[in-house]
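Colleague: Data file upload-v1.txt (compact mmCIF, C-alpha atoms) is appended below.
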```
# COMPACT_ATOMS: atom_id res chain seq x y z
CA MET O 6 -6.75 -172.63 -139.52
CA ASN O 7 -10.05 -173.47 -141.17
CA ALA O 8 -10.28 -177.20 -141.95
CA PHE O 9 -13.87 -177.17 -143.24
CA CYS O 10 -14.10 -178.93 -146.61
CA GLY O 11 -16.67 -176.47 -147.98
CA ARG O 12 -19.60 -178.88 -148.29
CA PHE O 13 -22.26 -179.68 -145.70
CA ASN O 14 -23.07 -183.34 -145.03
CA GLU O 15 -26.75 -182.54 -145.44
CA CYS O 16 -26.56 -180.43 -148.63
CA ASN O 17 -25.07 -181.25 -152.04
CA TRP O 18 -25.39 -177.96 -153.96
CA ILE O 19 -23.97 -175.28 -151.63
CA SER O 20 -20.32 -174.58 -150.79
CA VAL O 21 -18.96 -172.20 -148.17
CA ASP O 22 -15.41 -170.81 -147.83
CA GLN O 23 -13.90 -173.31 -150.29
CA PHE O 24 -13.89 -172.65 -154.04
CA HIS O 25 -11.94 -175.49 -155.63
CA SER O 26 -11.93 -179.27 -156.20
CA ASN O 27 -15.30 -180.96 -155.61
CA ASN O 28 -16.80 -177.67 -154.47
CA LEU O 29 -16.85 -176.52 -158.10
CA LYS O 30 -19.85 -178.85 -158.57
CA SER O 31 -21.94 -176.52 -156.40
CA SER O 32 -24.16 -173.81 -157.86
CA ALA O 33 -24.31 -171.51 -154.81
CA PHE O 34 -21.18 -170.26 -153.04
CA PHE O 35 -20.79 -168.24 -149.86
CA LEU O 36 -17.79 -166.34 -148.47
CA SER O 37 -17.96 -165.85 -144.70
CA HIS O 38 -15.08 -163.34 -144.51
CA CYS O 39 -11.86 -162.25 -146.18
CA HIS O 40 -9.18 -164.29 -144.44
CA SER O 41 -7.02 -166.44 -146.69
CA ASP O 42 -7.87 -169.80 -145.06
CA HIS O 43 -11.52 -169.18 -146.00
CA MET O 44 -10.78 -168.10 -149.58
CA GLN O 45 -9.06 -171.15 -151.07
CA GLY O 46 -9.70 -171.24 -154.82
CA LEU O 47 -11.62 -167.96 -154.87
CA ASP O 48 -9.01 -166.36 -157.12
CA GLY O 49 -8.63 -169.45 -159.30
CA ASP O 50 -9.35 -169.58 -163.02
CA GLN O 51 -11.81 -172.46 -162.65
CA PHE O 52 -13.99 -170.58 -160.18
CA TYR O 53 -13.83 -167.43 -162.30
CA GLU O 54 -15.05 -169.32 -165.37
CA LEU O 55 -17.82 -170.94 -163.33
CA ILE O 56 -19.15 -167.57 -162.17
CA LYS O 57 -18.54 -165.88 -165.51
CA GLY O 58 -20.51 -168.59 -167.30
CA LYS O 59 -23.53 -168.01 -165.03
CA PHE O 60 -23.34 -171.58 -163.73
CA ALA O 61 -23.09 -170.44 -160.11
CA VAL O 62 -23.60 -167.47 -157.79
CA LEU O 63 -21.28 -166.09 -155.08
CA TYR O 64 -22.87 -164.50 -152.00
CA CYS O 65 -21.01 -162.41 -149.43
CA HIS O 66 -21.46 -159.41 -147.17
CA LYS O 67 -21.24 -155.96 -148.77
CA ILE O 68 -18.09 -155.17 -146.80
CA SER O 69 -16.43 -158.37 -148.03
CA LYS O 70 -17.09 -157.24 -151.60
CA ILE O 71 -15.27 -153.99 -150.79
CA PHE O 72 -12.29 -155.99 -149.51
CA LEU O 73 -12.24 -158.15 -152.64
CA GLY O 74 -12.52 -155.21 -155.01
CA GLN O 75 -9.53 -153.42 -153.45
CA MET O 76 -7.14 -156.39 -153.37
CA LYS O 77 -5.49 -155.20 -156.55
CA VAL O 78 -2.55 -157.59 -156.53
CA THR O 79 -4.83 -160.62 -156.77
CA ASN O 80 -7.52 -162.01 -159.03
CA TYR O 81 -10.16 -161.10 -156.43
CA ALA O 82 -10.47 -157.58 -157.81
CA PHE O 83 -10.63 -158.98 -161.33
CA LEU O 84 -13.47 -161.26 -160.24
CA VAL O 85 -15.44 -158.33 -158.80
CA ILE O 86 -14.70 -155.76 -161.50
CA HIS O 87 -15.24 -157.97 -164.53
CA ILE O 88 -18.28 -159.85 -163.26
CA TYR O 89 -20.09 -157.90 -160.56
CA GLN O 90 -19.88 -154.45 -162.14
CA LYS O 91 -20.87 -155.73 -165.58
CA LYS O 92 -23.81 -157.73 -164.31
CA LYS O 93 -25.25 -155.37 -161.71
CA LYS O 94 -26.83 -153.14 -164.36
CA LYS O 95 -28.78 -156.06 -165.79
CA LYS O 96 -31.84 -157.14 -163.88
CA ASN O 97 -31.76 -160.63 -162.35
CA GLN O 98 -28.25 -161.28 -163.69
CA GLU O 99 -26.09 -160.65 -160.65
CA HIS O 100 -23.69 -163.53 -160.07
CA ILE O 101 -21.77 -161.90 -157.23
CA VAL O 102 -24.44 -160.88 -154.75
CA PRO O 103 -23.54 -158.71 -151.71
CA LYS O 104 -26.00 -158.62 -148.80
CA ASN O 105 -26.35 -156.88 -145.43
CA TYR O 106 -26.72 -158.36 -141.96
CA ASN O 107 -30.21 -159.61 -141.01
CA GLU O 108 -31.44 -159.36 -144.62
CA LYS O 109 -33.32 -162.54 -145.50
CA PHE O 110 -33.12 -163.65 -149.13
CA THR O 111 -33.89 -166.78 -151.12
CA VAL O 112 -31.28 -168.94 -152.85
CA THR O 113 -32.27 -171.49 -155.49
CA ALA O 114 -30.01 -174.06 -157.11
CA ILE O 115 -29.06 -173.49 -160.76
CA CYS O 116 -29.94 -176.77 -162.45
CA ASP O 117 -32.47 -178.49 -164.70
CA ASN O 118 -35.67 -180.06 -163.40
CA GLU O 119 -34.31 -183.59 -163.54
CA GLU O 120 -31.28 -182.73 -161.43
CA ARG O 121 -33.39 -180.68 -159.01
CA GLU O 122 -35.07 -183.82 -157.68
CA SER O 123 -31.71 -185.14 -156.43
CA LEU O 124 -30.74 -182.01 -154.48
CA LEU O 125 -30.62 -182.26 -150.70
CA PRO O 126 -32.21 -181.29 -148.41
CA SER O 127 -34.21 -179.21 -150.92
CA SER O 128 -33.39 -177.12 -154.00
CA SER O 129 -33.98 -173.74 -152.35
CA ALA O 130 -33.44 -172.04 -149.01
CA ASP O 131 -34.02 -168.78 -147.19
CA VAL O 132 -30.66 -167.36 -146.13
CA THR O 133 -29.79 -164.74 -143.53
CA PHE O 134 -26.37 -163.25 -142.75
CA LEU O 135 -25.69 -162.69 -139.04
CA ASP O 136 -22.85 -160.58 -137.63
CA ALA O 137 -19.97 -162.91 -136.66
CA GLN O 138 -17.97 -160.09 -134.99
CA HIS O 139 -14.70 -161.59 -136.25
CA ILE O 140 -13.58 -158.92 -138.76
CA PRO O 141 -15.57 -156.30 -140.70
CA GLY O 142 -17.99 -158.06 -143.02
CA SER O 143 -17.64 -161.46 -141.34
CA ILE O 144 -20.87 -163.43 -141.32
CA MET O 145 -22.57 -166.42 -139.79
CA ILE O 146 -24.95 -167.96 -142.32
CA LEU O 147 -28.40 -169.24 -141.39
CA PHE O 148 -29.86 -171.62 -143.98
CA GLU O 149 -33.58 -172.38 -143.68
CA PHE O 150 -34.29 -174.93 -146.40
CA HIS O 151 -37.79 -175.02 -147.80
CA GLY O 152 -38.15 -178.64 -146.77
CA GLY O 153 -37.89 -177.59 -143.12
CA PHE O 154 -34.22 -178.37 -142.45
CA ARG O 155 -32.35 -175.57 -140.67
CA LEU O 156 -28.55 -175.15 -140.56
CA LEU O 157 -26.24 -172.51 -139.07
CA TYR O 158 -22.66 -172.05 -140.27
CA THR O 159 -20.71 -169.76 -137.94
CA GLY O 160 -17.43 -169.41 -139.84
CA ASP O 161 -14.97 -167.66 -137.53
CA TYR O 162 -16.94 -165.81 -134.87
CA ARG O 163 -16.69 -164.14 -131.45
CA LEU O 164 -20.08 -163.86 -129.76
CA SER O 165 -20.88 -163.68 -126.07
CA LYS O 166 -24.00 -165.09 -124.41
CA ASP O 167 -25.63 -161.66 -124.53
CA ASP O 168 -24.89 -161.40 -128.27
CA TRP O 169 -26.75 -164.66 -128.92
CA ILE O 170 -29.69 -163.55 -126.77
CA ALA O 171 -29.90 -160.31 -128.78
CA CYS O 172 -29.93 -162.18 -132.12
CA ASP O 173 -33.59 -161.84 -133.15
CA MET O 174 -33.18 -163.75 -136.43
CA LEU O 175 -32.57 -166.94 -134.42
CA LYS O 176 -35.48 -166.43 -132.05
CA ASP O 177 -38.62 -168.57 -131.94
CA PRO O 178 -41.12 -167.35 -129.31
CA TYR O 179 -43.03 -170.62 -129.50
CA ALA O 180 -40.02 -172.83 -128.74
CA SER O 181 -39.29 -173.77 -125.13
CA SER O 182 -35.66 -172.70 -125.57
CA GLY O 183 -36.65 -169.41 -127.18
CA PHE O 184 -34.50 -170.23 -130.22
CA LYS O 185 -35.24 -171.83 -133.56
CA ARG O 186 -34.46 -175.52 -133.86
CA LEU O 187 -31.05 -176.03 -135.51
CA ASP O 188 -30.77 -179.39 -137.23
CA ALA O 189 -27.05 -178.81 -137.83
CA LEU O 190 -24.50 -176.39 -136.42
CA TYR O 191 -21.14 -175.95 -138.14
CA PHE O 192 -19.07 -173.93 -135.69
CA ASP O 193 -15.68 -172.36 -135.07
CA SER O 194 -13.75 -174.63 -132.70
CA THR O 195 -10.37 -172.85 -132.89
CA PHE O 196 -10.08 -172.41 -129.10
CA CYS O 197 -11.87 -175.60 -128.08
CA ARG O 198 -8.96 -176.69 -125.90
CA LYS O 199 -7.41 -176.49 -122.47
CA GLY O 200 -6.06 -173.08 -121.59
CA ALA O 201 -8.73 -171.19 -123.52
CA GLU O 202 -11.61 -171.68 -121.11
CA ASN O 203 -11.81 -167.94 -120.48
CA ILE O 204 -10.07 -165.25 -122.54
CA PRO O 205 -10.41 -161.45 -122.57
CA SER O 206 -13.36 -160.15 -124.53
CA LEU O 207 -12.83 -157.86 -127.51
CA LYS O 208 -14.19 -155.00 -125.43
CA GLN O 209 -11.63 -155.67 -122.69
CA SER O 210 -8.78 -155.90 -125.20
CA CYS O 211 -9.80 -152.62 -126.83
CA ALA O 212 -10.00 -150.88 -123.45
CA LEU O 213 -6.50 -152.07 -122.54
CA CYS O 214 -5.15 -150.93 -125.90
CA VAL O 215 -6.61 -147.45 -125.39
CA LYS O 216 -5.05 -147.32 -121.92
CA MET O 217 -1.59 -148.21 -123.30
CA VAL O 218 -1.86 -145.68 -126.12
CA LYS O 219 -3.04 -142.88 -123.85
CA GLY O 220 -0.41 -143.57 -121.19
CA TRP O 221 2.49 -143.50 -123.65
CA LEU O 222 1.36 -140.39 -125.54
CA GLU O 223 0.89 -138.45 -122.29
CA LYS O 224 4.47 -139.16 -121.18
CA ASP O 225 6.06 -137.05 -123.91
CA SER O 226 4.71 -134.92 -126.74
CA ASP O 227 7.19 -136.57 -129.14
CA ASN O 228 6.03 -140.10 -128.34
CA LYS O 229 4.24 -142.18 -130.97
CA VAL O 230 2.45 -145.53 -130.99
CA LEU O 231 2.63 -148.26 -133.61
CA ILE O 232 -0.18 -150.84 -133.67
CA TRP O 233 1.55 -153.85 -135.25
CA CYS O 234 -1.47 -155.28 -137.05
CA GLY O 235 -1.90 -158.13 -139.46
CA ARG O 236 -3.46 -157.51 -142.83
CA PHE O 237 -7.06 -157.45 -141.56
CA GLY O 238 -8.77 -158.29 -138.29
CA HIS O 239 -7.81 -155.64 -135.72
CA GLU O 240 -10.04 -152.82 -136.91
CA LEU O 241 -11.90 -152.57 -133.60
CA LEU O 242 -8.69 -151.29 -132.00
CA LEU O 243 -8.57 -148.38 -134.44
CA LYS O 244 -12.21 -147.57 -133.74
CA ALA O 245 -11.70 -147.74 -129.97
CA ILE O 246 -8.75 -145.32 -130.17
CA TRP O 247 -10.88 -142.87 -132.15
CA ASP O 248 -13.95 -143.25 -129.93
CA GLU O 249 -12.05 -142.76 -126.65
CA LEU O 250 -9.14 -140.49 -127.61
CA HIS O 251 -10.36 -138.87 -130.85
CA ILE O 252 -7.06 -139.76 -132.51
CA LYS O 253 -7.00 -141.08 -136.07
CA CYS O 254 -4.68 -143.94 -136.99
CA HIS O 255 -2.36 -143.73 -139.97
CA VAL O 256 -2.85 -146.73 -142.30
CA THR O 257 -1.41 -147.77 -145.65
CA MET O 258 -3.07 -146.56 -148.85
CA MET O 259 -4.33 -150.08 -149.57
CA LYS O 260 -6.13 -150.19 -146.22
CA TYR O 261 -7.29 -146.59 -146.58
CA ARG O 262 -9.00 -147.42 -149.89
CA ILE O 263 -10.93 -150.16 -148.08
CA TYR O 264 -11.62 -148.57 -144.69
CA SER O 265 -12.75 -145.24 -146.20
CA LYS O 266 -15.63 -147.13 -147.83
CA ILE O 267 -16.77 -148.69 -144.53
CA ASP O 268 -18.98 -146.34 -142.54
CA PHE O 269 -17.85 -147.15 -139.00
CA LEU O 270 -14.14 -147.01 -139.94
CA ALA O 271 -13.97 -144.05 -142.33
CA GLU O 272 -13.60 -141.41 -139.61
CA CYS O 273 -11.05 -143.43 -137.62
CA ILE O 274 -8.19 -143.46 -140.13
CA THR O 275 -5.94 -141.19 -142.20
CA PRO O 276 -3.56 -141.86 -145.11
CA ILE O 277 -1.27 -138.97 -144.08
CA ALA O 278 1.42 -140.06 -141.61
CA ARG O 279 2.29 -136.62 -140.23
CA ASN O 280 -1.33 -135.94 -139.22
CA THR O 281 -1.30 -138.32 -136.24
CA ARG O 282 0.82 -139.85 -133.48
CA VAL O 283 -0.80 -143.29 -133.74
CA HIS O 284 0.10 -145.55 -136.63
CA ALA O 285 -1.23 -148.86 -137.92
CA CYS O 286 0.72 -148.72 -141.17
CA THR O 287 2.49 -152.07 -140.97
CA ALA O 288 2.72 -153.82 -144.32
CA LYS O 289 4.61 -156.49 -146.22
CA PRO O 290 7.76 -154.79 -147.52
CA THR O 291 9.06 -154.32 -151.02
CA VAL O 292 12.54 -155.55 -151.92
CA THR O 293 14.16 -152.16 -151.27
CA GLU O 294 12.47 -151.32 -147.96
CA GLU O 295 14.09 -151.64 -144.56
CA VAL O 296 12.04 -154.07 -142.53
CA PHE O 297 11.63 -155.18 -138.95
CA PHE O 298 10.89 -158.30 -136.99
CA GLU O 299 10.47 -159.25 -133.35
CA ASN O 300 13.11 -161.09 -131.32
CA LYS O 301 12.25 -161.75 -127.67
CA GLN O 302 10.10 -158.64 -127.49
CA ASN O 303 12.79 -156.48 -129.07
CA VAL O 304 12.35 -154.92 -132.50
CA VAL O 305 15.21 -155.80 -134.86
CA ALA O 306 15.84 -154.23 -138.26
CA LYS O 307 16.79 -155.70 -141.62
CA LYS O 308 15.01 -158.99 -142.10
CA LYS O 309 13.29 -159.81 -145.36
CA ASN O 310 9.61 -160.59 -145.80
CA ASP O 311 8.36 -159.49 -142.40
CA MET O 312 7.11 -155.96 -141.66
CA SER O 313 7.73 -152.41 -142.82
CA THR O 314 6.31 -149.10 -141.59
CA CYS O 315 6.41 -145.45 -142.53
CA TRP O 316 9.47 -143.40 -141.55
CA LEU O 317 7.67 -141.45 -138.79
CA CYS O 318 7.00 -144.49 -136.61
CA ARG O 319 10.05 -146.70 -137.04
CA PRO O 320 9.68 -149.33 -134.29
CA ASP O 321 13.40 -149.14 -133.42
CA HIS O 322 13.05 -145.48 -132.38
CA ASN O 323 13.03 -144.99 -128.61
CA ASN O 324 9.99 -142.72 -128.69
CA VAL O 325 7.79 -145.35 -130.42
CA ARG O 326 5.78 -147.81 -128.35
CA VAL O 327 4.92 -150.97 -130.28
CA ILE O 328 1.62 -152.71 -129.44
CA LYS O 329 1.35 -156.11 -131.09
CA PRO O 330 -2.08 -157.82 -130.91
CA SER O 331 -1.78 -161.57 -130.46
CA ALA O 332 -4.15 -164.48 -129.94
CA ILE O 333 -1.42 -166.51 -128.28
CA CYS O 334 0.44 -164.44 -125.69
CA VAL O 335 -0.81 -162.24 -122.89
CA LEU O 336 0.31 -158.68 -122.34
CA GLY O 337 4.06 -158.28 -121.77
CA TYR O 338 6.54 -155.41 -121.62
CA GLU O 339 10.17 -155.01 -122.62
CA ASN O 340 11.73 -151.70 -121.55
CA ASN O 341 8.19 -150.31 -121.38
CA ARG O 342 8.20 -149.97 -125.18
CA PHE O 343 7.18 -153.31 -126.66
CA CYS O 344 3.76 -154.60 -125.61
CA ARG O 345 1.77 -157.68 -126.46
CA LEU O 346 -1.99 -157.33 -126.37
CA PHE O 347 -4.18 -160.41 -126.17
CA TYR O 348 -6.77 -159.98 -128.91
CA SER O 349 -8.86 -162.79 -130.33
CA GLY O 350 -11.68 -162.92 -132.85
CA HIS O 351 -12.42 -166.53 -131.84
CA CYS O 352 -14.63 -167.73 -129.00
CA SER O 353 -13.34 -169.11 -125.72
CA VAL O 354 -14.49 -172.52 -124.46
CA SER O 355 -16.93 -170.89 -122.04
CA GLU O 356 -18.40 -168.78 -124.86
CA MET O 357 -18.83 -171.90 -126.99
CA GLU O 358 -20.55 -173.61 -124.09
CA ASP O 359 -22.89 -170.63 -123.73
CA ALA O 360 -23.74 -170.88 -127.44
CA PHE O 361 -24.51 -174.60 -127.19
CA SER O 362 -26.62 -174.17 -124.05
CA LEU O 363 -28.79 -171.59 -125.84
CA LEU O 364 -28.98 -173.04 -129.36
CA ARG O 365 -29.13 -176.75 -128.41
CA PRO O 366 -28.42 -178.06 -131.94
CA VAL O 367 -29.38 -181.54 -133.07
CA ARG O 368 -25.93 -182.07 -134.58
CA ALA O 369 -22.69 -180.11 -134.34
CA TYR O 370 -19.61 -180.11 -136.55
CA PRO O 371 -16.32 -178.33 -135.67
CA ASN O 372 -14.51 -176.42 -138.42
CA SER O 373 -11.06 -177.44 -137.20
CA THR O 374 -9.62 -180.73 -136.02
CA ASP O 375 -7.39 -180.58 -132.98
CA LYS O 376 -6.48 -183.47 -130.67
CA ARG O 377 -6.53 -181.07 -127.74
CA SER O 378 -10.27 -180.51 -128.22
CA LYS O 379 -11.35 -184.06 -127.35
CA ASP O 380 -11.53 -183.33 -123.61
CA PHE O 381 -14.32 -180.82 -124.24
CA ALA O 382 -16.40 -183.12 -126.47
CA LYS O 383 -18.53 -184.57 -123.72
CA LYS O 384 -19.09 -181.17 -122.15
CA LEU O 385 -20.54 -179.65 -125.33
CA SER O 386 -22.43 -182.75 -126.45
CA MET O 387 -24.61 -182.65 -123.34
CA TYR O 388 -26.40 -179.67 -124.90
CA PHE O 389 -27.50 -181.55 -128.04
CA ARG O 390 -31.24 -181.41 -128.61
CA ILE O 391 -31.16 -185.16 -129.35
CA ARG O 392 -28.93 -186.79 -126.76
CA PRO O 393 -26.53 -189.56 -127.91
CA GLU O 394 -26.68 -193.05 -126.44
CA ARG O 395 -24.43 -193.64 -123.42
CA LYS O 396 -22.56 -196.41 -125.20
CA THR O 397 -21.27 -194.01 -127.84
CA THR O 398 -17.57 -193.28 -127.34
CA THR O 399 -16.41 -189.68 -127.03
CA SER O 400 -13.96 -188.78 -129.83
CA THR O 401 -12.10 -185.78 -131.07
CA HIS O 402 -14.84 -185.22 -133.63
CA PHE O 403 -17.62 -184.98 -131.10
CA LEU O 404 -20.09 -184.35 -133.89
CA MET O 405 -20.14 -188.15 -134.24
CA PHE O 406 -22.40 -188.39 -131.17
CA ALA O 407 -25.37 -187.23 -133.19
CA PHE O 408 -24.24 -189.14 -136.27
CA PHE O 409 -24.15 -192.54 -134.58
CA HIS O 410 -27.36 -191.78 -132.74
CA SER O 411 -29.15 -191.08 -136.03
CA ILE O 412 -27.89 -194.40 -137.46
CA TYR O 413 -29.07 -196.23 -134.36
CA SER O 414 -32.49 -194.61 -134.60
CA ALA O 415 -32.82 -195.52 -138.28
CA ILE O 416 -31.95 -199.18 -137.58
CA ALA O 417 -34.43 -199.25 -134.69
CA ASP O 418 -37.17 -197.84 -136.92
CA MET O 419 -36.43 -200.44 -139.61
CA TYR O 420 -36.62 -203.21 -137.02
CA VAL O 421 -40.04 -202.00 -135.84
CA ILE O 422 -41.36 -201.87 -139.41
CA TYR O 423 -39.98 -205.34 -140.14
CA THR O 424 -41.61 -206.75 -136.99
CA VAL O 425 -45.01 -205.26 -137.86
CA MET O 426 -44.86 -206.52 -141.46
CA TYR O 427 -43.81 -209.97 -140.29
CA LYS O 428 -46.75 -210.20 -137.88
CA MET O 429 -49.17 -209.02 -140.58
CA TYR O 430 -47.83 -211.64 -142.94
CA ARG O 431 -48.25 -214.38 -140.32
CA ILE O 432 -51.85 -213.30 -139.72
```
Show this structure as structure tokens.

Modeller:
Amino acid sequence: MNAFCGRFNECNWISVDQFHSNNLKSSAFFLSHCHSDHMQGLDGDQFYELIKGKFAVLYCHKISKIFLGQMKVTNYAFLVIHIYQKKKKKKNQEHIVPKNYNEKFTVTAICDNEERESLLPSSSADVTFLDAQHIPGSIMILFEFHGGFRLLYTGDYRLSKDDWIACDMLKDPYASSGFKRLDALYFDSTFCRKGAENIPSLKQSCALCVKMVKGWLEKDSDNKVLIWCGRFGHELLLKAIWDELHIKCHVTMMKYRIYSKIDFLAECITPIARNTRVHACTAKPTVTEEVFFENKQNVVAKKKNDMSTCWLCRPDHNNVRVIKPSAICVLGYENNRFCRLFYSGHCSVSEMEDAFSLLRPVRAYPNSTDKRSKDFAKKLSMYFRIRPERKTTTSTHFLMFAFFHSIYSAIADMYVIYTVMYKMYRI
């Protein structure tokens, strides 16, 4: 779960992934991706009035805007339809602004001149969205403030060492590290704990999924596969099945409305159940639907508020193999029909260490607080561009290394100035 408060310690006019409480004082908002723990307050009346009144701007990836516009049971669609579509025809009046990856744009605070002087670290910044590879439209946000301060917010991300090396927007050919100096890094620390040092990559998980699908379908022409997906986040599995097997996946109409508007997913899916043997049509049920849940890797019928599917791929049918992606359990079988597939859109500890070794941030802030992460604090802090003093105690919030070091440096500088002034006075 995302525990980030929405505000950066170094900036007082930008909020990310939180749209309520004190964040409503901001004038620039960013949505990293469409998962509920990063959308708190986004469908609230207060945020709607703030955007509607032109007192703030919401920035997101173009795919995220598609997600929002199709969530018809929420206020998200209302926000997009009644603000974005009305404003987009008027020049310079867009207050929901969708952008692409690697497209640099400038953001300026909405305020009067008197208030502008109090904005930190400056009142404008160049912003670039980087592919976070978490779900479609998920972004890391690079802020390059016009005063020189540079900050990277990763949101939820899954990047390997090679992905970072290929990220040209972070490169600086004149720096010894090869990367731009990052004064602050706000990063996804979901798996910063023992047991997650190394986990299967998304590519490996997709390959295993394809193998399980292919093997089951080849056993019998009547066999079908059900990918037991959450609402969003497992789209790469659908693409892998299409790329390797040229089989479309049946999805719900709600998902079809979204995926059909996303280029790399449009050809992978179908809204017609009888047209395919692979289904990803799991959904929250209505009151009258028969639903299913899992009990010790067996599929059991008739439980409220869990999962429903179309009739052609009922998970309690013997010819249906159920593949359930999970970020907790490894692959397991029960009667060769129920499978768990390890699939994670969050980085492993080793991948986080690779990121730190390349980026070498001055400060780092985790987006989740977990007591189990404290053992890895010292390991990651060794990559800070400004090393903390040895006397500083390692804590769960290892970002405090840089914090206390900066305080120490400030006190030391004040002492030097005081000493010089005192000597001048004596002379």

Colleague: So which residues touch segment 242-257 of chain O within 7 Å, counting all atoms listed in the file, skipping near sequence neighbours fewer than 3 positions away, as number ranges by chain?

Modeller: O: 211, 215, 239, 260-261, 270, 273-278, 281, 283-286

Colleague: Those residues with C-alpha atoms, as an mmCIF file, in the frame of the given file please?

Modeller:
```
data_model
loop_
_atom_site.group_PDB
_atom_site.id
_atom_site.type_symbol
_atom_site.label_atom_id
_atom_site.label_comp_id
_atom_site.auth_asym_id
_atom_site.auth_seq_id
_atom_site.Cartn_x
_atom_site.Cartn_y
_atom_site.Cartn_z
ATOM 1 C CA CYS O 211 -9.800 -152.620 -126.830
ATOM 2 C CA VAL O 215 -6.610 -147.450 -125.390
ATOM 3 C CA HIS O 239 -7.810 -155.640 -135.720
ATOM 4 C CA LYS O 260 -6.130 -150.190 -146.220
ATOM 5 C CA TYR O 261 -7.290 -146.590 -146.580
ATOM 6 C CA LEU O 270 -14.140 -147.010 -139.940
ATOM 7 C CA CYS O 273 -11.050 -143.430 -137.620
ATOM 8 C CA ILE O 274 -8.190 -143.460 -140.130
ATOM 9 C CA THR O 275 -5.940 -141.190 -142.200
ATOM 10 C CA PRO O 276 -3.560 -141.860 -145.110
ATOM 11 C CA ILE O 277 -1.270 -138.970 -144.080
ATOM 12 C CA ALA O 278 1.420 -140.060 -141.610
ATOM 13 C CA THR O 281 -1.300 -138.320 -136.240
ATOM 14 C CA VAL O 283 -0.800 -143.290 -133.740
ATOM 15 C CA HIS O 284 0.100 -145.550 -136.630
ATOM 16 C CA ALA O 285 -1.230 -148.860 -137.920
ATOM 17 C CA CYS O 286 0.720 -148.720 -141.170
#
```

Colleague: Using all atoms listed in the file for the distances, tell me which of O:Tyr264, O:Phe184, O:Phe196, O:Phe347 is nearest to Lys208 of chain O.

Modeller: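 Once distances to Lys208 of chain O are computed over all atoms listed in the file, the minimum belongs to O:Phe347.
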
Colleague: Could you check which residues have any atom within 12 Å of (-34.2, -173.3, -140.1), counting only C-alpha atoms with coordinates taken straight from the file, and then list them as a PyMOL selection string?

Modeller: chain O and resi 126+130-133+146-158+174-177+184-190+364+366-367

Colleague: Can you work out which one of O:Ala360, O:Met387, O:Ala212, O:Lys219 has the shortest atom-to-atom distance to Asp168 of chain O, counting all atoms listed in the file?

Modeller: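 Closest residue, counting all atoms listed in the file: O:Ala360.
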
Colleague: Would you kindly return, as JSON, numbers by chain, each protein, DNA or RNA residue with an atom no farther than 10 Å from any atom of Gln45 of chain O, considering only C-alpha atoms and excluding same-chain residues fewer than 3 positions away?

Modeller: {"O": [11, 22, 23, 24, 25, 40, 41, 42, 48, 49]}

Colleague: Smallest atom-to-atom distance to Thr314 of chain O: which of O:Ala61, O:Gly160, O:Leu84, O:Ile232, using all atoms listed in the file?

Modeller: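 Counting all atoms listed in the file, the residue closest to Thr314 of chain O is O:Ile232.
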
Colleague: Looking at O:Asp359, O:Gln75, O:Arg365, O:His100, which one is nearest to Lys59 of chain O, with distances taken over all atoms listed in the file?

Modeller: O:His100

Colleague: Expressed in Å to a single decimal, how great is the separation between atom CA of Tyr370 of chain O and atom CA of Leu125 of chain O?

Modeller: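 Interatomic distance here is 18.1 Å.
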
Colleague: Between O:Trp316, O:Tyr191, O:Phe269, O:Phe72, which has the minimum distance to Cys39 of chain O (counting all atoms listed in the file)?

Modeller: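 Of O:Trp316, O:Tyr191, O:Phe269, O:Phe72, the one nearest Cys39 of chain O is O:Phe72, counting all atoms listed in the file.
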
Colleague: Given the choices O:Met357, O:Ile170, O:Val102, O:Val325, which gets closest to Lys384 of chain O if the distance is worked out from only C-alpha atoms?

Modeller: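 Smallest separation from Lys384 of chain O among the options: O:Met357.
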
Colleague: What is the distance between atom CA of Ser37 of chain O and atom CA of Pro141 of chain O, in Å to one decimal?

Modeller: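 Atom-to-atom, atom CA of Ser37 of chain O and atom CA of Pro141 of chain O are spaced 10.6 Å apart.
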
Colleague: What is the distance, in Å and to one decimal place, between atom CA of Val85 of chain O and atom CA of Leu73 of chain O?

Modeller: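 If I compute the distance from atom CA of Val85 of chain O to atom CA of Leu73 of chain O, I get 6.9 Å.
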